[in-house]
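Coordinates from data_6.pdb are shown below (PDB, C-alpha atoms, pLDDT in the B column).
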ATOM      1  CA  GLY A 863     -12.580  25.787  -5.693  1.00 83.00           C
ATOM      2  CA  THR A 864      -9.786  23.251  -5.998  1.00 87.00           C
ATOM      3  CA  LEU A 865     -11.887  20.652  -7.816  1.00 87.00           C
ATOM      4  CA  ALA A 866     -13.038  23.231 -10.368  1.00 86.00           C
ATOM      5  CA  LYS A 867      -9.406  24.182 -11.080  1.00 91.00           C
ATOM      6  CA  ILE A 868      -8.513  20.516 -11.554  1.00 88.00           C
ATOM      7  CA  GLU A 869     -11.446  19.925 -13.905  1.00 88.00           C
ATOM      8  CA  ASN A 870     -10.582  23.034 -15.945  1.00 86.00           C
ATOM      9  CA  ARG A 871      -6.939  21.965 -16.239  1.00 89.00           C
ATOM     10  CA  LEU A 872      -7.993  18.491 -17.414  1.00 86.00           C
ATOM     11  CA  ILE A 873     -10.189  20.103 -20.091  1.00 83.00           C
ATOM     12  CA  ASP A 874      -7.294  22.339 -21.186  1.00 87.00           C
ATOM     13  CA  LEU A 875      -5.137  19.226 -21.610  1.00 89.00           C
ATOM     14  CA  GLY A 876      -7.842  17.431 -23.576  1.00 86.00           C
ATOM     15  CA  ILE A 877      -8.377  14.783 -20.902  1.00 85.00           C
ATOM     16  CA  ASN A 878     -12.044  13.909 -20.966  1.00 79.00           C
ATOM     17  CA  GLY A 879     -13.988  11.443 -18.882  1.00 79.00           C
ATOM     18  CA  LYS A 880     -16.835  10.908 -16.485  1.00 82.00           C
ATOM     19  CA  VAL A 881     -16.471  12.755 -13.178  1.00 81.00           C
ATOM     20  CA  GLU A 882     -18.094  11.167 -10.146  1.00 80.00           C
ATOM     21  CA  ARG A 883     -18.169  12.313  -6.543  1.00 78.00           C
ATOM     22  CA  LEU A 884     -18.475  10.166  -3.461  1.00 74.00           C
ATOM     23  CA  SER A 885     -21.728  10.511  -1.560  1.00 71.00           C
ATOM     24  CA  LEU A 886     -23.768   8.749   1.083  1.00 65.00           C
ATOM     25  CA  LEU A 887     -25.588   6.980  -1.729  1.00 66.00           C
ATOM     26  CA  LYS A 888     -22.593   5.712  -3.701  1.00 76.00           C
ATOM     27  CA  SER A 889     -19.455   4.017  -2.407  1.00 85.00           C
ATOM     28  CA  VAL A 890     -16.034   3.806  -4.029  1.00 87.00           C
ATOM     29  CA  VAL A 891     -16.782   0.215  -5.003  1.00 88.00           C
ATOM     30  CA  GLU A 892     -19.978   1.209  -6.813  1.00 88.00           C
ATOM     31  CA  LEU A 893     -18.456   4.213  -8.568  1.00 88.00           C
ATOM     32  CA  VAL A 894     -15.379   2.375  -9.817  1.00 89.00           C
ATOM     33  CA  THR A 895     -17.178  -0.802 -10.908  1.00 90.00           C
ATOM     34  CA  GLU A 896     -19.832   1.240 -12.743  1.00 89.00           C
ATOM     35  CA  GLY A 897     -17.094   3.163 -14.546  1.00 88.00           C
ATOM     36  CA  ILE A 898     -15.329  -0.025 -15.609  1.00 89.00           C
ATOM     37  CA  LYS A 899     -18.593  -1.574 -16.838  1.00 89.00           C
ATOM     38  CA  THR A 900     -19.173   1.463 -19.050  1.00 88.00           C
ATOM     39  CA  GLY A 901     -15.743   1.100 -20.657  1.00 88.00           C
ATOM     40  CA  ALA A 902     -13.306   3.109 -18.534  1.00 88.00           C
ATOM     41  CA  LEU A 903      -9.681   2.178 -19.227  1.00 89.00           C
ATOM     42  CA  THR A 904      -8.195   4.489 -16.583  1.00 92.00           C
ATOM     43  CA  VAL A 905      -9.548   5.453 -13.169  1.00 94.00           C
ATOM     44  CA  VAL A 906      -8.180   8.544 -11.445  1.00 94.00           C
ATOM     45  CA  ALA A 907      -8.530   8.920  -7.679  1.00 94.00           C
ATOM     46  CA  VAL A 908      -8.842  12.546  -6.518  1.00 94.00           C
ATOM     47  CA  GLY A 909      -8.301  13.128  -2.804  1.00 93.00           C
ATOM     48  CA  ASN A 910      -5.951  12.026  -0.043  1.00 93.00           C
ATOM     49  CA  ASP A 911      -4.045   8.805   0.653  1.00 92.00           C
ATOM     50  CA  ASP A 912      -7.192   7.177   2.082  1.00 91.00           C
ATOM     51  CA  THR A 913      -8.967   7.863  -1.224  1.00 92.00           C
ATOM     52  CA  PHE A 914      -6.055   6.316  -3.101  1.00 94.00           C
ATOM     53  CA  LYS A 915      -6.185   3.152  -0.951  1.00 92.00           C
ATOM     54  CA  LYS A 916      -9.956   2.744  -1.366  1.00 92.00           C
ATOM     55  CA  VAL A 917      -9.788   3.037  -5.153  1.00 93.00           C
ATOM     56  CA  LEU A 918      -6.745   0.747  -5.306  1.00 94.00           C
ATOM     57  CA  ASN A 919      -8.590  -2.007  -3.429  1.00 92.00           C
ATOM     58  CA  VAL A 920     -11.296  -2.039  -6.090  1.00 92.00           C
ATOM     59  CA  LEU A 921      -9.011  -1.613  -9.114  1.00 92.00           C
ATOM     60  CA  ALA A 922      -6.690  -4.428  -8.022  1.00 91.00           C
ATOM     61  CA  LYS A 923      -9.277  -6.902  -9.347  1.00 89.00           C
ATOM     62  CA  TYR A 924      -9.196  -5.428 -12.845  1.00 90.00           C
ATOM     63  CA  ASN A 925      -6.611  -4.739 -15.561  1.00 87.00           C
ATOM     64  CA  ILE A 926      -7.192  -0.994 -15.416  1.00 92.00           C
ATOM     65  CA  ALA A 927      -4.646   1.833 -15.185  1.00 94.00           C
ATOM     66  CA  MET A 928      -4.833   4.071 -12.120  1.00 96.00           C
ATOM     67  CA  GLY A 929      -3.996   7.737 -11.787  1.00 96.00           C
ATOM     68  CA  PHE A 930      -3.896   9.923  -8.689  1.00 97.00           C
ATOM     69  CA  ILE A 931      -4.525  13.632  -8.153  1.00 95.00           C
ATOM     70  CA  PRO A 932      -3.647  14.509  -4.548  1.00 95.00           C
ATOM     71  CA  ILE A 933      -5.538  17.290  -2.774  1.00 93.00           C
ATOM     72  CA  GLY A 934      -3.251  19.242  -0.474  1.00 83.00           C
ATOM     73  CA  THR A 935       0.443  18.628   0.097  1.00 76.00           C
ATOM     74  CA  ALA A 936       0.353  15.916   2.761  1.00 79.00           C
ATOM     75  CA  SER A 937       0.161  12.863   0.480  1.00 88.00           C
ATOM     76  CA  HIS A 938       2.931  10.322   1.044  1.00 88.00           C
ATOM     77  CA  VAL A 939       1.687   8.279  -1.924  1.00 91.00           C
ATOM     78  CA  ALA A 940       2.029  11.281  -4.244  1.00 93.00           C
ATOM     79  CA  ARG A 941       5.571  11.919  -3.008  1.00 90.00           C
ATOM     80  CA  VAL A 942       6.580   8.338  -3.767  1.00 90.00           C
ATOM     81  CA  LEU A 943       4.878   8.351  -7.182  1.00 94.00           C
ATOM     82  CA  GLY A 944       6.385  11.720  -8.115  1.00 94.00           C
ATOM     83  CA  ILE A 945       3.037  13.493  -8.460  1.00 95.00           C
ATOM     84  CA  PRO A 946       2.659  17.196  -7.544  1.00 94.00           C
ATOM     85  CA  PRO A 947      -0.523  18.343  -5.788  1.00 93.00           C
ATOM     86  CA  GLU A 948      -3.843  19.358  -7.305  1.00 92.00           C
ATOM     87  CA  GLU A 949      -4.006  20.844 -10.820  1.00 90.00           C
ATOM     88  CA  LYS A 950      -0.262  20.340 -11.397  1.00 93.00           C
ATOM     89  CA  ALA A 951      -0.924  16.587 -11.214  1.00 94.00           C
ATOM     90  CA  CYS A 952      -3.003  16.865 -14.397  1.00 94.00           C
ATOM     91  CA  ASP A 953       0.227  17.315 -16.391  1.00 94.00           C
ATOM     92  CA  ILE A 954       1.421  13.951 -15.039  1.00 95.00           C
ATOM     93  CA  LEU A 955      -1.802  12.333 -16.272  1.00 92.00           C
ATOM     94  CA  SER A 956      -1.317  13.964 -19.665  1.00 93.00           C
ATOM     95  CA  ALA A 957       2.247  12.629 -20.012  1.00 94.00           C
ATOM     96  CA  ARG A 958       0.901   9.143 -19.134  1.00 91.00           C
ATOM     97  CA  LEU A 959       4.145   7.609 -17.944  1.00 95.00           C
ATOM     98  CA  THR A 960       3.151   4.282 -16.404  1.00 96.00           C
ATOM     99  CA  GLU A 961       4.782   1.670 -14.193  1.00 95.00           C
ATOM    100  CA  LYS A 962       3.522  -1.800 -13.374  1.00 95.00           C
ATOM    101  CA  ILE A 963       4.179  -2.426  -9.696  1.00 94.00           C
ATOM    102  CA  ASP A 964       3.710  -5.300  -7.285  1.00 96.00           C
ATOM    103  CA  LEU A 965       0.763  -5.312  -4.919  1.00 96.00           C
ATOM    104  CA  GLY A 966       0.438  -7.075  -1.604  1.00 96.00           C
ATOM    105  CA  LYS A 967      -2.600  -9.119  -0.621  1.00 97.00           C
ATOM    106  CA  VAL A 968      -3.514 -10.120   2.932  1.00 96.00           C
ATOM    107  CA  ASN A 969      -6.424 -12.566   2.859  1.00 94.00           C
ATOM    108  CA  ASN A 970      -8.966 -10.683   0.680  1.00 91.00           C
ATOM    109  CA  HIS A 971      -7.536  -7.189   1.207  1.00 94.00           C
ATOM    110  CA  TYR A 972      -4.976  -5.557  -1.086  1.00 95.00           C
ATOM    111  CA  PHE A 973      -2.234  -3.353   0.312  1.00 94.00           C
ATOM    112  CA  PHE A 974       0.109  -0.846  -1.268  1.00 92.00           C
ATOM    113  CA  SER A 975       2.867  -0.367   1.267  1.00 91.00           C
ATOM    114  CA  THR A 976       2.915  -2.594   4.381  1.00 91.00           C
ATOM    115  CA  VAL A 977       1.141  -4.896   6.782  1.00 93.00           C
ATOM    116  CA  GLU A 978       2.281  -4.407  10.366  1.00 93.00           C
ATOM    117  CA  ILE A 979       1.781  -6.953  13.146  1.00 93.00           C
ATOM    118  CA  PRO A 980       2.209  -5.114  16.469  1.00 91.00           C
ATOM    119  CA  ALA A 981       4.380  -6.697  19.165  1.00 87.00           C
ATOM    120  CA  LYS A 982       3.228  -8.816  22.118  1.00 85.00           C
ATOM    121  CA  GLN A 983       1.270 -11.261  19.997  1.00 88.00           C
ATOM    122  CA  MET A 984       1.942 -14.975  19.688  1.00 87.00           C
ATOM    123  CA  VAL A 985       2.877 -15.129  16.027  1.00 91.00           C
ATOM    124  CA  SER A 986       4.717 -17.513  13.736  1.00 92.00           C
ATOM    125  CA  VAL A 987       5.456 -16.671  10.094  1.00 94.00           C
ATOM    126  CA  GLU A 988       5.983 -19.339   7.441  1.00 96.00           C
ATOM    127  CA  PHE A 989       7.961 -18.283   4.360  1.00 97.00           C
ATOM    128  CA  ASP A 990       7.053 -19.979   1.060  1.00 97.00           C
ATOM    129  CA  GLY A 991       6.469 -23.266   2.864  1.00 95.00           C
ATOM    130  CA  LYS A 992      10.206 -23.547   3.521  1.00 96.00           C
ATOM    131  CA  PHE A 993      10.858 -22.227   7.034  1.00 95.00           C
ATOM    132  CA  HIS A 994       9.174 -20.599  10.035  1.00 94.00           C
ATOM    133  CA  VAL A 995      10.209 -17.541  12.037  1.00 92.00           C
ATOM    134  CA  THR A 996       8.849 -17.101  15.569  1.00 89.00           C
ATOM    135  CA  PRO A 997       9.872 -13.909  17.418  1.00 83.00           C
ATOM    136  CA  LEU A 998      11.757 -14.373  20.677  1.00 74.00           C
ATOM    137  CA  HIS A 999       9.356 -13.856  23.618  1.00 67.00           C
ATOM    138  CA  PHE A1000       6.805 -12.462  21.096  1.00 73.00           C
ATOM    139  CA  ARG A1001       8.299  -8.997  21.570  1.00 78.00           C
ATOM    140  CA  ASP A1002       8.907  -8.191  17.904  1.00 87.00           C
ATOM    141  CA  THR A1003       6.956  -5.767  15.760  1.00 89.00           C
ATOM    142  CA  ILE A1004       6.687  -7.455  12.361  1.00 92.00           C
ATOM    143  CA  THR A1005       6.472  -5.273   9.251  1.00 92.00           C
ATOM    144  CA  ILE A1006       5.769  -6.983   5.931  1.00 93.00           C
ATOM    145  CA  SER A1007       6.588  -4.559   3.128  1.00 92.00           C
ATOM    146  CA  ASN A1008       5.887  -4.233  -0.555  1.00 92.00           C
ATOM    147  CA  PHE A1009       6.869  -0.561  -0.885  1.00 84.00           C
ATOM    148  CA  GLY A1010       8.166   0.110   2.621  1.00 71.00           C
ATOM    149  CA  PRO A1011       6.422   1.799   5.571  1.00 61.00           C
ATOM    150  CA  ILE A1012       5.097   4.740   3.553  1.00 55.00           C
ATOM    151  CA  LEU A1013       1.497   5.119   4.676  1.00 56.00           C
ATOM    152  CA  GLY A1014       0.531   6.163   8.169  1.00 49.00           C
ATOM    153  CA  ARG A1015       4.124   7.015   9.050  1.00 48.00           C
ATOM    154  CA  SER A1016       6.318  10.058   9.424  1.00 46.00           C
ATOM    155  CA  GLU A1017       7.810  11.966   6.508  1.00 48.00           C
ATOM    156  CA  ALA A1018      11.264  10.572   7.330  1.00 45.00           C
ATOM    157  CA  SER A1019      10.211   7.006   6.539  1.00 52.00           C
ATOM    158  CA  ILE A1020       9.440   7.903   2.927  1.00 54.00           C
ATOM    159  CA  ALA A1021      13.162   7.783   2.171  1.00 55.00           C
ATOM    160  CA  ASN A1022      13.064   4.049   2.957  1.00 64.00           C
ATOM    161  CA  VAL A1023      11.348   2.995  -0.257  1.00 72.00           C
ATOM    162  CA  ARG A1024      12.133  -0.529  -1.397  1.00 78.00           C
ATOM    163  CA  ASN A1025      11.740  -1.959  -4.895  1.00 85.00           C
ATOM    164  CA  PRO A1026       8.022  -2.496  -5.650  1.00 90.00           C
ATOM    165  CA  LYS A1027       8.842  -4.432  -8.825  1.00 91.00           C
ATOM    166  CA  ASP A1028      11.060  -7.234  -7.476  1.00 91.00           C
ATOM    167  CA  GLY A1029       8.311  -9.815  -6.875  1.00 94.00           C
ATOM    168  CA  PHE A1030       9.135 -10.196  -3.160  1.00 95.00           C
ATOM    169  CA  LEU A1031       7.777  -9.153   0.204  1.00 95.00           C
ATOM    170  CA  GLU A1032      10.260  -8.041   2.854  1.00 93.00           C
ATOM    171  CA  ALA A1033       9.484  -9.059   6.436  1.00 93.00           C
ATOM    172  CA  THR A1034      11.297  -7.120   9.167  1.00 90.00           C
ATOM    173  CA  PHE A1035      11.233  -8.432  12.744  1.00 90.00           C
ATOM    174  CA  GLN A1036      12.063  -5.485  15.003  1.00 85.00           C
ATOM    175  CA  PRO A1037      12.518  -6.256  18.735  1.00 84.00           C
ATOM    176  CA  ILE A1038      11.008  -3.664  21.060  1.00 78.00           C
ATOM    177  CA  LYS A1039      12.706  -2.270  24.146  1.00 70.00           C
ATOM    178  CA  SER A1040      11.873  -3.736  27.516  1.00 62.00           C
ATOM    179  CA  ALA A1041      13.327  -3.736  31.016  1.00 58.00           C
ATOM    180  CA  LEU A1042      14.782  -7.210  30.448  1.00 58.00           C
ATOM    181  CA  PHE A1043      16.020  -6.803  26.894  1.00 52.00           C
ATOM    182  CA  ALA A1044      17.280  -3.237  26.675  1.00 52.00           C
ATOM    183  CA  GLN A1045      20.752  -3.985  25.312  1.00 54.00           C
ATOM    184  CA  LYS A1046      21.497  -2.618  21.863  1.00 50.00           C
ATOM    185  CA  LYS A1047      22.417  -6.039  20.516  1.00 52.00           C
ATOM    186  CA  MET A1048      18.870  -7.234  21.219  1.00 51.00           C
ATOM    187  CA  LEU A1049      17.362  -4.413  19.139  1.00 70.00           C
ATOM    188  CA  LYS A1050      18.885  -5.282  15.769  1.00 79.00           C
ATOM    189  CA  PRO A1051      16.137  -6.210  13.273  1.00 82.00           C
ATOM    190  CA  SER A1052      16.043  -9.445  11.298  1.00 87.00           C
ATOM    191  CA  VAL A1053      14.930  -9.291   7.659  1.00 89.00           C
ATOM    192  CA  PHE A1054      13.589 -12.121   5.463  1.00 93.00           C
ATOM    193  CA  LEU A1055      12.272 -12.198   1.886  1.00 94.00           C
ATOM    194  CA  GLY A1056       9.359 -14.259   0.635  1.00 96.00           C
ATOM    195  CA  LYS A1057       6.557 -14.438  -1.912  1.00 97.00           C
ATOM    196  CA  LYS A1058       3.859 -16.111   0.170  1.00 98.00           C
ATOM    197  CA  LEU A1059       3.781 -15.817   3.947  1.00 97.00           C
ATOM    198  CA  LYS A1060       1.430 -17.601   6.329  1.00 97.00           C
ATOM    199  CA  VAL A1061       0.903 -15.877   9.664  1.00 95.00           C
ATOM    200  CA  THR A1062      -0.490 -17.991  12.486  1.00 92.00           C
ATOM    201  CA  GLY A1063      -0.806 -17.522  16.231  1.00 87.00           C
ATOM    202  CA  GLY A1064      -2.126 -18.974  19.452  1.00 75.00           C
ATOM    203  CA  GLU A1065      -5.738 -19.173  20.541  1.00 77.00           C
ATOM    204  CA  GLN A1066      -6.294 -15.425  20.199  1.00 77.00           C
ATOM    205  CA  LYS A1067      -6.813 -13.762  16.825  1.00 85.00           C
ATOM    206  CA  ILE A1068      -3.877 -11.792  15.436  1.00 91.00           C
ATOM    207  CA  THR A1069      -4.321  -8.048  14.953  1.00 94.00           C
ATOM    208  CA  MET A1070      -2.717  -6.560  11.834  1.00 94.00           C
ATOM    209  CA  VAL A1071      -2.660  -3.064  10.357  1.00 93.00           C
ATOM    210  CA  ALA A1072      -2.561  -2.672   6.561  1.00 93.00           C
ATOM    211  CA  ASP A1073      -1.196   0.526   5.006  1.00 90.00           C
ATOM    212  CA  GLY A1074      -0.967   2.286   8.344  1.00 86.00           C
ATOM    213  CA  LYS A1075      -4.699   2.360   9.041  1.00 86.00           C
ATOM    214  CA  THR A1076      -6.844  -0.641   8.052  1.00 90.00           C
ATOM    215  CA  VAL A1077      -7.159  -3.052  10.984  1.00 92.00           C
ATOM    216  CA  LEU A1078      -7.444  -6.717  10.004  1.00 93.00           C
ATOM    217  CA  GLN A1079      -7.663  -9.969  11.932  1.00 91.00           C
ATOM    218  CA  GLY A1080      -5.481 -13.063  11.435  1.00 81.00           C
ATOM    219  CA  PRO A1081      -4.474 -15.782  10.887  1.00 92.00           C
ATOM    220  CA  ALA A1082      -3.559 -14.658   7.402  1.00 94.00           C
ATOM    221  CA  THR A1083      -1.957 -15.520   4.112  1.00 96.00           C
ATOM    222  CA  ILE A1084       0.089 -12.571   2.860  1.00 97.00           C
ATOM    223  CA  GLU A1085       1.341 -12.755  -0.704  1.00 97.00           C
ATOM    224  CA  ILE A1086       2.904 -10.629  -3.415  1.00 97.00           C
ATOM    225  CA  LEU A1087       1.073 -10.124  -6.722  1.00 96.00           C
ATOM    226  CA  PRO A1088       3.827  -9.247  -9.221  1.00 96.00           C
ATOM    227  CA  LYS A1089       3.182  -6.223 -11.464  1.00 94.00           C
ATOM    228  CA  ARG A1090      -0.512  -6.296 -10.585  1.00 94.00           C
ATOM    229  CA  LEU A1091      -1.153  -2.534 -10.572  1.00 94.00           C
ATOM    230  CA  LYS A1092      -0.586  -0.197 -13.524  1.00 95.00           C
ATOM    231  CA  LEU A1093       0.073   3.276 -12.110  1.00 96.00           C
ATOM    232  CA  ILE A1094       0.510   6.630 -13.817  1.00 96.00           C
ATOM    233  CA  VAL A1095       3.658   8.121 -12.274  1.00 96.00           C
ATOM    234  CA  GLY A1096       5.891  11.168 -12.559  1.00 96.00           C
ATOM    235  CA  LYS A1097       9.561  11.426 -13.486  1.00 94.00           C
ATOM    236  CA  ASN A1098      10.436  12.325  -9.881  1.00 91.00           C
ATOM    237  CA  ARG A1099       9.104   9.062  -8.414  1.00 91.00           C
ATOM    238  CA  LEU A1100      11.171   7.441  -5.683  1.00 87.00           C
ATOM    239  CA  PHE A1101      11.566   4.003  -7.312  1.00 86.00           C
TER
END
Here is a file; write its structure as structure tokens.
Amino acid sequence: GTLAKIENRLIDLGINGKVERLSLLKSVVELVTEGIKTGALTVVAVGNDDTFKKVLNVLAKYNIAMGFIPIGTASHVARVLGIPPEEKACDILSARLTEKIDLGKVNNHYFFSTVEIPAKQMVSVEFDGKFHVTPLHFRDTITISNFGPILGRSEASIANVRNPKDGFLEATFQPIKSALFAQKKMLKPSVFLGKKLKVTGGEQKITMVADGKTVLQGPATIEILPKRLKLIVGKNRLF
């Protein structure tokens, strides 16, 4: 099968290491931490974008390089990192071209691309302790980006990759259409940069979505961790 082809290609390239598979008995956290304790200097996630995110959230706590072998052709992460699918990705690992990129952190959760705060929530965002932004009538969708809205989005959004090595988060306040505010001039987004954002709201908890899928509750502190993740990338990466 596909995994056998990948393992054979790794052997051909002289890349040796312990191979572990997820099961009901062992989680990503257990597998990765056990590997690091036994001396692993690089951890390679094999799977889809969800696999990548799970491994990333464990590795972010350690100074360990991360590689990625995508299964199938639907990986947005692989497209951004310049990694071809399946056994072809082994050649990228062999070349070992690495980039240190920024990571986002929302409370105790790490994120690769964005945290989105859906509209119709009472939200105020403080930027680096200097100023607050409160959306007009709470009708803005707020997207806080490290890499841009890559995960959980359409293929078209991949072209909108921002610099993941600049040490800043980019917060976009996008008004949504409504019967009262349908004019084009009301739909222009506002964009602010910051390193540490504090998101607060009214009496109700704030709902946030990290990397297109993980649902989190606010209030929250969202910060950038400069050059926190060491990634093995390809020459055709989008940054």
(request) Using the chain letters and numbers from the file, give me the residues hit by the PyMOL selection byres ((chain A and resi 940-955) around 7), as a list of chain:residue names. (result) A:Lys867, A:Ile868, A:Arg871, A:Leu872, A:Gly929, A:Ile931, A:Pro932, A:Ile933, A:Gly934, A:Thr935, A:Ser937, A:His938, A:Val939, A:Ser956, A:Ala957, A:Arg958, A:Ile1094, A:Val1095, A:Gly1096, A:Lys1097, A:Asn1098, A:Arg1099, A:Leu1100
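Note that the spacing between atom CA of A:Leu918 and atom CA of A:Thr904 amounts to 12.0 Å.
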Could you give me, as a tab-separated table, every stretch 952-1027 of chain A residue with an atom at most 6 Å from stretch 1048-1072 of chain A, plus its closest atom pair and distance in Å to one decimal, counting all atoms listed in the file, rows ordered by chain then number?
residue	atom	partner	partner_atom	distance
A:Thr976	CA	A:Ala1072	CA	5.9
A:Val977	CA	A:Ala1072	CA	4.3
A:Glu978	CA	A:Val1071	CA	5.1
A:Ile979	CA	A:Met1070	CA	4.7
A:Met984	CA	A:Gly1063	CA	5.1
A:Val985	CA	A:Gly1063	CA	4.4
A:Ser986	CA	A:Thr1062	CA	5.4
A:Val987	CA	A:Val1061	CA	4.6
A:Glu988	CA	A:Lys1060	CA	5.0
A:Phe989	CA	A:Leu1059	CA	4.9
A:Asp990	CA	A:Lys1058	CA	5.1
(request) Using all atoms listed in the file, find the one residue out of A:Val908, A:Ile873, A:Ala1033, A:Ile1038 that sits nearest to A:Val995. (result) A:Ala1033
On this structure, which residues satisfy the PyMOL selection byres ((chain A and resi 1005-1009) around 8), written as a PDB file with C-alpha atoms, in the frame of the given file?
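The new file out.pdb reads:
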ATOM      1  CA  ASP A 964       3.710  -5.300  -7.285  1.00 96.00           C
ATOM      2  CA  LEU A 965       0.763  -5.312  -4.919  1.00 96.00           C
ATOM      3  CA  GLY A 966       0.438  -7.075  -1.604  1.00 96.00           C
ATOM      4  CA  PHE A 974       0.109  -0.846  -1.268  1.00 92.00           C
ATOM      5  CA  SER A 975       2.867  -0.367   1.267  1.00 91.00           C
ATOM      6  CA  THR A 976       2.915  -2.594   4.381  1.00 91.00           C
ATOM      7  CA  VAL A 977       1.141  -4.896   6.782  1.00 93.00           C
ATOM      8  CA  GLU A 978       2.281  -4.407  10.366  1.00 93.00           C
ATOM      9  CA  ILE A 979       1.781  -6.953  13.146  1.00 93.00           C
ATOM     10  CA  THR A1003       6.956  -5.767  15.760  1.00 89.00           C
ATOM     11  CA  ILE A1004       6.687  -7.455  12.361  1.00 92.00           C
ATOM     12  CA  GLY A1010       8.166   0.110   2.621  1.00 71.00           C
ATOM     13  CA  PRO A1011       6.422   1.799   5.571  1.00 61.00           C
ATOM     14  CA  ILE A1012       5.097   4.740   3.553  1.00 55.00           C
ATOM     15  CA  VAL A1023      11.348   2.995  -0.257  1.00 72.00           C
ATOM     16  CA  ARG A1024      12.133  -0.529  -1.397  1.00 78.00           C
ATOM     17  CA  ASN A1025      11.740  -1.959  -4.895  1.00 85.00           C
ATOM     18  CA  PRO A1026       8.022  -2.496  -5.650  1.00 90.00           C
ATOM     19  CA  PHE A1030       9.135 -10.196  -3.160  1.00 95.00           C
ATOM     20  CA  LEU A1031       7.777  -9.153   0.204  1.00 95.00           C
ATOM     21  CA  GLU A1032      10.260  -8.041   2.854  1.00 93.00           C
ATOM     22  CA  ALA A1033       9.484  -9.059   6.436  1.00 93.00           C
ATOM     23  CA  THR A1034      11.297  -7.120   9.167  1.00 90.00           C
ATOM     24  CA  PHE A1035      11.233  -8.432  12.744  1.00 90.00           C
ATOM     25  CA  ILE A1086       2.904 -10.629  -3.415  1.00 97.00           C
TER      26      ILE A1086
END
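Note that the spacing between atom CA of A:Gly879 and atom CA of A:Lys962 amounts to 22.6 Å.
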(message) As an exercise, work out the distance from atom CA of A:Thr1083 to atom CA of A:Phe1000 in Å and give it to one decimal place.
(response)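 Answer for the atom CA of A:Thr1083 to atom CA of A:Phe1000 separation: 19.4 Å.
Using only C-alpha atoms, the smallest distance between any of A:His971, A:Arg1001, A:His994, A:Lys880 and A:Lys923 comes from A:His971.
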(request) Counting only C-alpha atoms, figure out which residue out of A:Leu875, A:Leu884, A:Val894, A:Val920 gets nearest to A:Tyr972. (result)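 For A:Tyr972, the nearest of the given residues is A:Val920.
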(request) Let me know the residues the PyMOL selection byres ((chain A and resi 924) around 12) catches in the file above, as JSON, numbers by chain. (result) {"A": [894, 895, 897, 898, 899, 902, 903, 904, 905, 917, 918, 919, 920, 921, 922, 923, 925, 926, 927, 928, 1090, 1091, 1092]}
Let me know the centre plus edge lengths, in Å and rounded to one decimal, of a box with edges along x, y and z that contains all listed atoms of stretch 890-908 of chain A and is padded by 4 Å on every side, as JSON.
{"center_x": -14.1, "center_y": 5.5, "center_z": -12.3, "size_x": 19.8, "size_y": 22.1, "size_z": 24.6}
